[in-house]
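Participant: Right, I'll just put the structure down here and ask away after.
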Amino acid sequence: MLRCEYTLPGRTPVDQPGRFVLGEVIYGLEDAAPLIRDEIPVLGSHMAADPSEVRTERWTVDQPIRGTGTDNGLVYSFTDDFLFCAGYIPEQGLFTEATREAYTAVFDLVERLGYPSIFRMWNLIGRINADNSEGLEVYRDFCRGRAQAFELYAAQGEDMPSATGIGSRGQGVAFYFLASRSAARVNIENARQIPAYNYPEQYGPKPPSFARATYLATGDQGLGTGALYISGTAGILGHETVHADDLDKQCRVALENIEYLISRRNLSGHGVPRGYELADVTQVKVYVRHREDMPAVRAACEEAFPNPMDIAYFNVDICRSDLLVEIEGVIA
Ligand SMILES: C=C(O[C@@H]1C=C(C(=O)O)C=C[C@H]1O)C(=O)O
C-alpha cells in the first residue's frame with residue numbers, strides 16, 4: 001500500500017516499521033534538480049514563500065524497494081508494484097519541444113521498466129502565467145508539448161493520469177509521477193466539468209492531458225478497496241472559470257467539484273462501488289494565488305476537511321490567471 005505524508009521542516013524521517021521510502025519532493029525555498037540521495041529519489045521545487053510553508057512530500061510503501069536509478073535526466077525508484085519518478089525541464093524560451101521530449105523519456109522509461117500505468121502526476125511550473133519568447137503563456141506552451149507526447153505514446157483520455165499543473169516560484173518545470181505495474185485502475189471524470197482533455201481551443205493550442213481523478217484498486221477484492229487520487233481542482237464549471245473576482249465563491253465551487261467527483265453517485269457511474277465525502281480525504285494540498293487570501297482559504301478548508309492527516313498550503317500562481325484557489329487530495 002502506497003501512502004504519502006507532508007512532513008514539517010526539520011522533522012527527520014520517522015522510521016516506521018515495515019515501511020520504505022519510495023520518493024521525496026521538497027516543496028521548499030529553492031529549485032533542486034532531481035537526484036538520488038541515500039538511495040531515495042529526491043526532487044526540490046521552489047513552492048514555499050517562507051520557511052513556515054516548507055513541506056516534504058514523502059511517499060512510502062509497505063514493500064521493499066527493488067531498484068533505484070537515473071535515466072535520461074529522470075530519477076526513479078520501484079517496488080514490485082509501484083514506480084516513483086521525478087524529472088526537471090530547465091527554463092527555456094519555448095517549452096513545447098522540451099516538454100514533449102521529457103514526457104517521451106517518461107513513457108519510454110515506464111515501458112522499459114514495466115510500470116505502464118501512470119496514475120498520478122504533478123507539474124510544478126515556473127512563470128506559469130508569463131509569456132514564452134513567442135508571446136504564448138508558459139502553461140499553454142507546456143500543455144502543447146505534453147499533449148503531443150500523449151498523442152504519440154499513450155492512449156487517449158481513459159489512460160491519462162490524474163494530475164496537477166500549478167505555478168512554482170522557481171524556474172522551469174519540476175515534475176514527478178507515480179505508476180503501477182498492474183493494479184486495476186479506473187479514470188474518473190466529473191459531470192460538473194468537461195474533461196480537461198476536451199477543453200476548447202480558447203485555453204490554448206492543445207488541451208491539458210489529465211483525468212479529474214484516478215482510482216487504483218488495492219488488495220484482492222477487485223475495485224471494492226482502493227485509493228483515490230484527486231487532481232488539482234478549481235472553480236471551473238463546464239470549461240469556464242466561475243466567480244473570477246470572488247475568492248469565497250471560487251473556493252466553494254472547487255470544494256463542491258471535489259465533493260461531487262468523489263461521491264458514490266459519480267464513482268458508481270464509473271464502475272467503482274464506493275463513495276466518499278470531503279471528510280474522507282486524508283492528504284490535501286491547497287494553492288492560493290494571493291497571499292492575503294490565505295486566511296480565508298484556510299478557514300474554508302479546515303471546515304471542509306475536518307480531519308485530514310495532512311494539509312499543506314502554498315501561495316503560488318495557478319494555471320489560468322483568473323483562478324484564485326486550487327485544491328487536490330488523496331484518499332488512501
Ligand atoms: C485546475 C485545472 O487544471 C490544473 C492543471 C492541471 C494540468 O495541467 O496537469 C491539472 C490539474 C490542475 O492542477 C483545471 O483545468 O480544472
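We label chains A, B, ... in the order they appear in the C-alpha cells, count residues from 1 in each chain, and number ligands from 1 in the order shown.
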Return as a list in words the residues of protein, DNA or RNA that approach ligand 1 to within 6 Å, with only C-alpha atoms and all ligand atoms taken into account.
Facilitator: Ala163, Thr164, Gly165, Ile166, Ala196, Pro208, Phe210, Ser231, Gly232, Thr233, Ala234, Ile236 and Cys319 of chain A
Participant: Keeping C-alpha atoms, export the residues of the selection given above as a PDB file, in the first residue's frame.
Facilitator:
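Generated file (again05.pdb):
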ATOM      1  CA  ALA A 163      -2.560  15.463 -12.356  1.00  0.00           C
ATOM      2  CA  THR A 164      -1.636  18.842 -11.026  1.00  0.00           C
ATOM      3  CA  GLY A 165      -0.277  21.654 -13.186  1.00  0.00           C
ATOM      4  CA  ILE A 166       0.493  24.512 -10.829  1.00  0.00           C
ATOM      5  CA  ALA A 196      -9.814  18.789 -19.385  1.00  0.00           C
ATOM      6  CA  PRO A 208      -4.321  19.775 -20.726  1.00  0.00           C
ATOM      7  CA  PHE A 210      -5.231  14.732 -17.346  1.00  0.00           C
ATOM      8  CA  SER A 231      -6.392  16.112  -9.449  1.00  0.00           C
ATOM      9  CA  GLY A 232      -5.857  19.793  -8.772  1.00  0.00           C
ATOM     10  CA  THR A 233      -9.432  21.124  -8.784  1.00  0.00           C
ATOM     11  CA  ALA A 234     -10.534  24.744  -9.136  1.00  0.00           C
ATOM     12  CA  ILE A 236     -14.349  25.697 -13.110  1.00  0.00           C
ATOM     13  CA  CYS A 319      -2.807  27.596 -14.463  1.00  0.00           C
TER      14      CYS A 319
END
Participant: Taking the DSSP assignment computed from this structure's backbone, write out as a list in words all residues of segment 274-311 of chain A that belong to strand (DSSP E).
Facilitator: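 Here are the strand (DSSP E) residues of segment 274-311 of chain A: Gln283, Val284, Lys285, Val286, Tyr287, Val288, Asp310 and Ile311 of chain A.
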Participant: Quick one: distance from atom CA of Gln171 of chain A to atom CA of Glu97 of chain A in Å, one decimal?
Facilitator: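 Taking atom CA of Gln171 of chain A as the start and atom CA of Glu97 of chain A as the end point, the length is 16.7 Å.
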Participant: From the options A:Tyr215, A:Tyr203, A:Phe314, A:Phe305, which residue's atoms come nearest to Leu136 of chain A, counting only C-alpha atoms?
Facilitator: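 Going through A:Tyr215, A:Tyr203, A:Phe314, A:Phe305 one by one, the smallest distance to Leu136 of chain A is for A:Tyr203.
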Participant: Just asking: which residues within segment 36-240 of chain A are alpha helix (DSSP H) according to DSSP, as JSON, numbers by chain?
Facilitator: {"A": [96, 97, 98, 99, 100, 101, 102, 103, 104, 105, 106, 107, 108, 109, 110, 111, 112, 113, 138, 139, 140, 141, 142, 143, 144, 145, 146, 147, 148, 149, 150, 151, 152, 153]}
Participant: Atoms to include: C-alpha atoms. Write the selected residues as a compact mmCIF listing (two decimals), in the first residue's frame.
Facilitator:
# COMPACT_ATOMS: atom_id res chain seq x y z
CA THR A 96 6.77 22.66 -26.26
CA GLU A 97 9.68 20.63 -27.56
CA ALA A 98 11.47 20.20 -24.23
CA THR A 99 8.22 19.09 -22.62
CA ARG A 100 7.47 16.63 -25.40
CA GLU A 101 10.97 15.20 -25.01
CA ALA A 102 10.72 14.94 -21.23
CA TYR A 103 7.35 13.20 -21.43
CA THR A 104 8.68 10.95 -24.18
CA ALA A 105 11.51 9.93 -21.84
CA VAL A 106 8.84 9.21 -19.21
CA PHE A 107 6.76 6.98 -21.49
CA ASP A 108 9.90 5.23 -22.66
CA LEU A 109 11.05 4.56 -19.06
CA VAL A 110 7.73 3.20 -17.78
CA GLU A 111 7.52 0.92 -20.80
CA ARG A 112 11.02 -0.42 -20.30
CA LEU A 113 10.70 -0.91 -16.55
CA VAL A 138 4.11 29.23 -20.50
CA TYR A 139 1.31 26.91 -19.23
CA ARG A 140 -0.20 26.69 -22.72
CA ASP A 141 3.24 26.09 -24.21
CA PHE A 142 3.81 23.29 -21.68
CA CYS A 143 0.36 21.78 -22.39
CA ARG A 144 1.13 21.67 -26.11
CA GLY A 145 4.32 19.63 -25.62
CA ARG A 146 2.65 17.32 -23.11
CA ALA A 147 -0.33 16.71 -25.41
CA GLN A 148 1.98 15.92 -28.33
CA ALA A 149 3.74 13.28 -26.23
CA PHE A 150 0.41 11.78 -25.12
CA GLU A 151 -0.76 11.68 -28.75
CA LEU A 152 2.38 9.85 -29.79
CA TYR A 153 2.94 7.46 -26.93
Participant: With only C-alpha atoms as the counted atoms, please give the residues lying no more than 10 Å from segment 290-294 of chain A, apart from itself and same-chain residues fewer than 4 positions off, as a short mmCIF file (atom, residue, chain, number, x, y, z; two decimals) with C-alpha atoms, in the first residue's frame.
Facilitator:
data_model
loop_
_atom_site.label_atom_id
_atom_site.label_comp_id
_atom_site.auth_asym_id
_atom_site.auth_seq_id
_atom_site.Cartn_x
_atom_site.Cartn_y
_atom_site.Cartn_z
CA ALA A 49 7.09 31.65 0.17
CA LEU A 247 -12.44 34.12 -3.65
CA ASP A 248 -15.08 32.68 -1.32
CA VAL A 286 -4.14 23.88 -1.38
CA ARG A 298 -7.50 28.09 5.36
CA ALA A 299 -10.75 28.65 7.25
CA ALA A 300 -12.85 27.20 4.42
CA TYR A 313 -0.95 25.49 1.74
CA PHE A 314 1.17 27.22 -0.88
CA ASN A 315 1.00 30.77 -2.19
CA VAL A 316 1.65 30.27 -5.91
CA ASP A 317 0.14 31.09 -9.28
CA LEU A 324 -7.62 32.21 -7.25
CA VAL A 325 -7.50 28.86 -5.49
#
Participant: As a list in words, please: the residues near Thr60 of chain A (cut-off 12 Å, only C-alpha atoms, same-chain neighbours under 4 positions excluded).
Facilitator: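 Here the qualifying residues turn out to be Met1, Leu2, Arg3, Cys4, Glu5, Tyr6, Pro13, Val14, Asp15, Gln16, Pro17, Gly18, Arg19, Phe20, Val21, Leu22, Gly23, Glu24, Ile40, Pro41, Pro64, Ile65, Ser77, Phe78, Thr79, Phe82, Leu83, Phe84 and Leu178 of chain A.
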Participant: I need the residue nearest Pro161 of chain A from this list: A:Pro306, A:Gly204, A:Pro116, A:Gly67. Use only C-alpha atoms for the distance.
Facilitator: A:Pro116
Participant: Taking only C-alpha atoms into account, name the residue in A:Gly170, A:Pro51, A:Gly114, A:Gly69 that is nearest to Glu91 of chain A.
Facilitator: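 Of A:Gly170, A:Pro51, A:Gly114, A:Gly69, the one nearest Glu91 of chain A is A:Gly170, counting only C-alpha atoms.
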Participant: Just the residues within 7 Å of Thr214 of chain A, please, counting only C-alpha atoms, with nothing from its chain fewer than 2 positions along; format it as a list of chain:residue names.
Facilitator: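 The neighbour list is A:Phe119, A:Pro161, A:Ser162, A:Arg185, A:Val186, A:Asn187, A:Ile188, A:Ala211, A:Leu216, A:Leu228, A:Tyr229, A:Ile230.
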Participant: Store the residues of this selection in a file with N, CA and C atoms, as an mmCIF file, in the first residue's frame.
Facilitator:
data_model
loop_
_atom_site.group_PDB
_atom_site.id
_atom_site.type_symbol
_atom_site.label_atom_id
_atom_site.label_comp_id
_atom_site.auth_asym_id
_atom_site.auth_seq_id
_atom_site.Cartn_x
_atom_site.Cartn_y
_atom_site.Cartn_z
ATOM 1 N N PHE A 119 -0.536 6.748 -12.947
ATOM 2 C CA PHE A 119 -1.868 7.093 -12.433
ATOM 3 C C PHE A 119 -1.926 8.453 -11.751
ATOM 4 N N PRO A 161 -3.215 10.266 -16.568
ATOM 5 C CA PRO A 161 -3.164 10.266 -15.103
ATOM 6 C C PRO A 161 -4.026 11.380 -14.529
ATOM 7 N N SER A 162 -4.409 11.254 -13.268
ATOM 8 C CA SER A 162 -4.850 12.454 -12.565
ATOM 9 C C SER A 162 -3.587 13.306 -12.402
ATOM 10 N N ARG A 185 -7.328 -0.116 -12.422
ATOM 11 C CA ARG A 185 -7.364 1.338 -12.291
ATOM 12 C C ARG A 185 -8.531 1.884 -13.102
ATOM 13 N N VAL A 186 -9.216 2.880 -12.534
ATOM 14 C CA VAL A 186 -10.357 3.483 -13.226
ATOM 15 C C VAL A 186 -10.142 4.994 -13.272
ATOM 16 N N ASN A 187 -10.304 5.588 -14.426
ATOM 17 C CA ASN A 187 -10.236 7.044 -14.541
ATOM 18 C C ASN A 187 -11.610 7.646 -14.287
ATOM 19 N N ILE A 188 -11.624 8.699 -13.479
ATOM 20 C CA ILE A 188 -12.878 9.319 -13.071
ATOM 21 C C ILE A 188 -12.970 10.719 -13.661
ATOM 22 N N ALA A 211 -6.841 13.379 -16.181
ATOM 23 C CA ALA A 211 -8.162 12.933 -15.724
ATOM 24 C C ALA A 211 -8.473 13.653 -14.416
ATOM 25 N N LEU A 216 -7.363 3.542 -7.860
ATOM 26 C CA LEU A 216 -6.464 2.408 -8.020
ATOM 27 C C LEU A 216 -6.857 1.330 -7.026
ATOM 28 N N LEU A 228 -7.944 6.769 -3.974
ATOM 29 C CA LEU A 228 -8.430 7.738 -4.947
ATOM 30 C C LEU A 228 -7.491 8.943 -4.974
ATOM 31 N N TYR A 229 -7.029 9.278 -6.154
ATOM 32 C CA TYR A 229 -6.101 10.392 -6.345
ATOM 33 C C TYR A 229 -6.845 11.507 -7.069
ATOM 34 N N ILE A 230 -7.026 12.626 -6.368
ATOM 35 C CA ILE A 230 -7.860 13.720 -6.867
ATOM 36 C C ILE A 230 -6.966 14.789 -7.493
#
Participant: Hey, what's within 12 Å of segment 256-258 of chain A if we count only C-alpha atoms and toss same-chain stuff fewer than 6 positions away? As a VMD selection string, please?
Facilitator: chain A and resid 188 to 194 212 to 213 228 to 238 249 to 250 266 to 267 276 to 281 284 300 to 301 304 to 305 326 to 331
Participant: Could you save those same residues with C-alpha atoms as a tab-separated table (two decimals), in the first residue's frame?
Facilitator:
chain	number	residue	atom	x	y	z
A	188	ILE	CA	-12.88	9.32	-13.07
A	189	GLU	CA	-14.37	12.39	-14.75
A	190	ASN	CA	-16.81	14.93	-13.29
A	191	ALA	CA	-20.16	15.76	-14.91
A	192	ARG	CA	-19.87	19.31	-13.50
A	193	GLN	CA	-16.77	19.88	-15.65
A	194	ILE	CA	-15.95	18.82	-19.17
A	212	ARG	CA	-10.12	14.52	-12.85
A	213	ALA	CA	-9.23	11.59	-10.58
A	228	LEU	CA	-8.43	7.74	-4.95
A	229	TYR	CA	-6.10	10.39	-6.34
A	230	ILE	CA	-7.86	13.72	-6.87
A	231	SER	CA	-6.39	16.11	-9.45
A	232	GLY	CA	-5.86	19.79	-8.77
A	233	THR	CA	-9.43	21.12	-8.78
A	234	ALA	CA	-10.53	24.74	-9.14
A	235	GLY	CA	-13.58	26.94	-9.62
A	236	ILE	CA	-14.35	25.70	-13.11
A	237	LEU	CA	-17.79	24.59	-14.31
A	238	GLY	CA	-18.09	23.14	-17.80
A	249	LYS	CA	-17.35	31.57	-4.14
A	250	GLN	CA	-14.49	30.14	-6.20
A	266	ASN	CA	-20.22	9.79	-9.55
A	267	LEU	CA	-17.92	6.89	-8.69
A	276	TYR	CA	-16.58	9.30	-0.25
A	277	GLU	CA	-17.11	12.62	1.47
A	278	LEU	CA	-14.69	15.50	1.87
A	279	ALA	CA	-14.08	14.32	5.44
A	280	ASP	CA	-12.55	11.12	3.99
A	281	VAL	CA	-9.75	12.96	2.20
A	284	VAL	CA	-4.79	17.80	0.92
A	300	ALA	CA	-12.85	27.20	4.42
A	301	CYS	CA	-10.59	24.16	4.01
A	304	ALA	CA	-14.45	21.22	4.68
A	305	PHE	CA	-11.72	18.75	5.65
A	326	GLU	CA	-6.96	25.18	-6.31
A	327	ILE	CA	-7.25	22.05	-4.17
A	328	GLU	CA	-6.06	18.44	-4.61
A	329	GLY	CA	-6.16	15.40	-2.39
A	330	VAL	CA	-5.61	11.72	-1.80
A	331	ILE	CA	-7.94	9.19	-0.17
Participant: Find the residue from A:Pro205, A:Gly126, A:Gly87, A:Gly93 that sits nearest to Glu30 of chain A; use only C-alpha atoms when measuring.
Facilitator: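 Checking each of A:Pro205, A:Gly126, A:Gly87, A:Gly93 against Glu30 of chain A, counting only C-alpha atoms, the winner is A:Gly126.
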Participant: One decimal, in Å: what's the spacing between atom CA of Thr56 of chain A and atom CA of Leu35 of chain A?
Facilitator: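 Interatomic distance here is 15.0 Å.
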Participant: If we count only C-alpha atoms, what is near Ile125 of chain A at a cut-off of 6 Å, once residues fewer than 3 positions away on the same chain are taken out, given as a JSON list (two decimals) with C-alpha atoms, in the first residue's frame?
Facilitator:
[["chain", "number", "residue", "atom", "x", "y", "z"],
["A", 128, "ILE", "CA", 3.23, 29.63, -15.37],
["A", 166, "ILE", "CA", 0.49, 24.51, -10.83],
["A", 167, "GLY", "CA", 2.75, 27.53, -10.58],
["A", 168, "SER", "CA", 6.05, 27.43, -8.74],
["A", 173, "VAL", "CA", 9.14, 22.60, -14.78]]
Participant: Work out how far atom CA of Tyr88 of chain A is from atom CA of Met121 of chain A, in Å to one decimal.
Facilitator: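 Separation between atom CA of Met121 of chain A and atom CA of Tyr88 of chain A: 13.1 Å.
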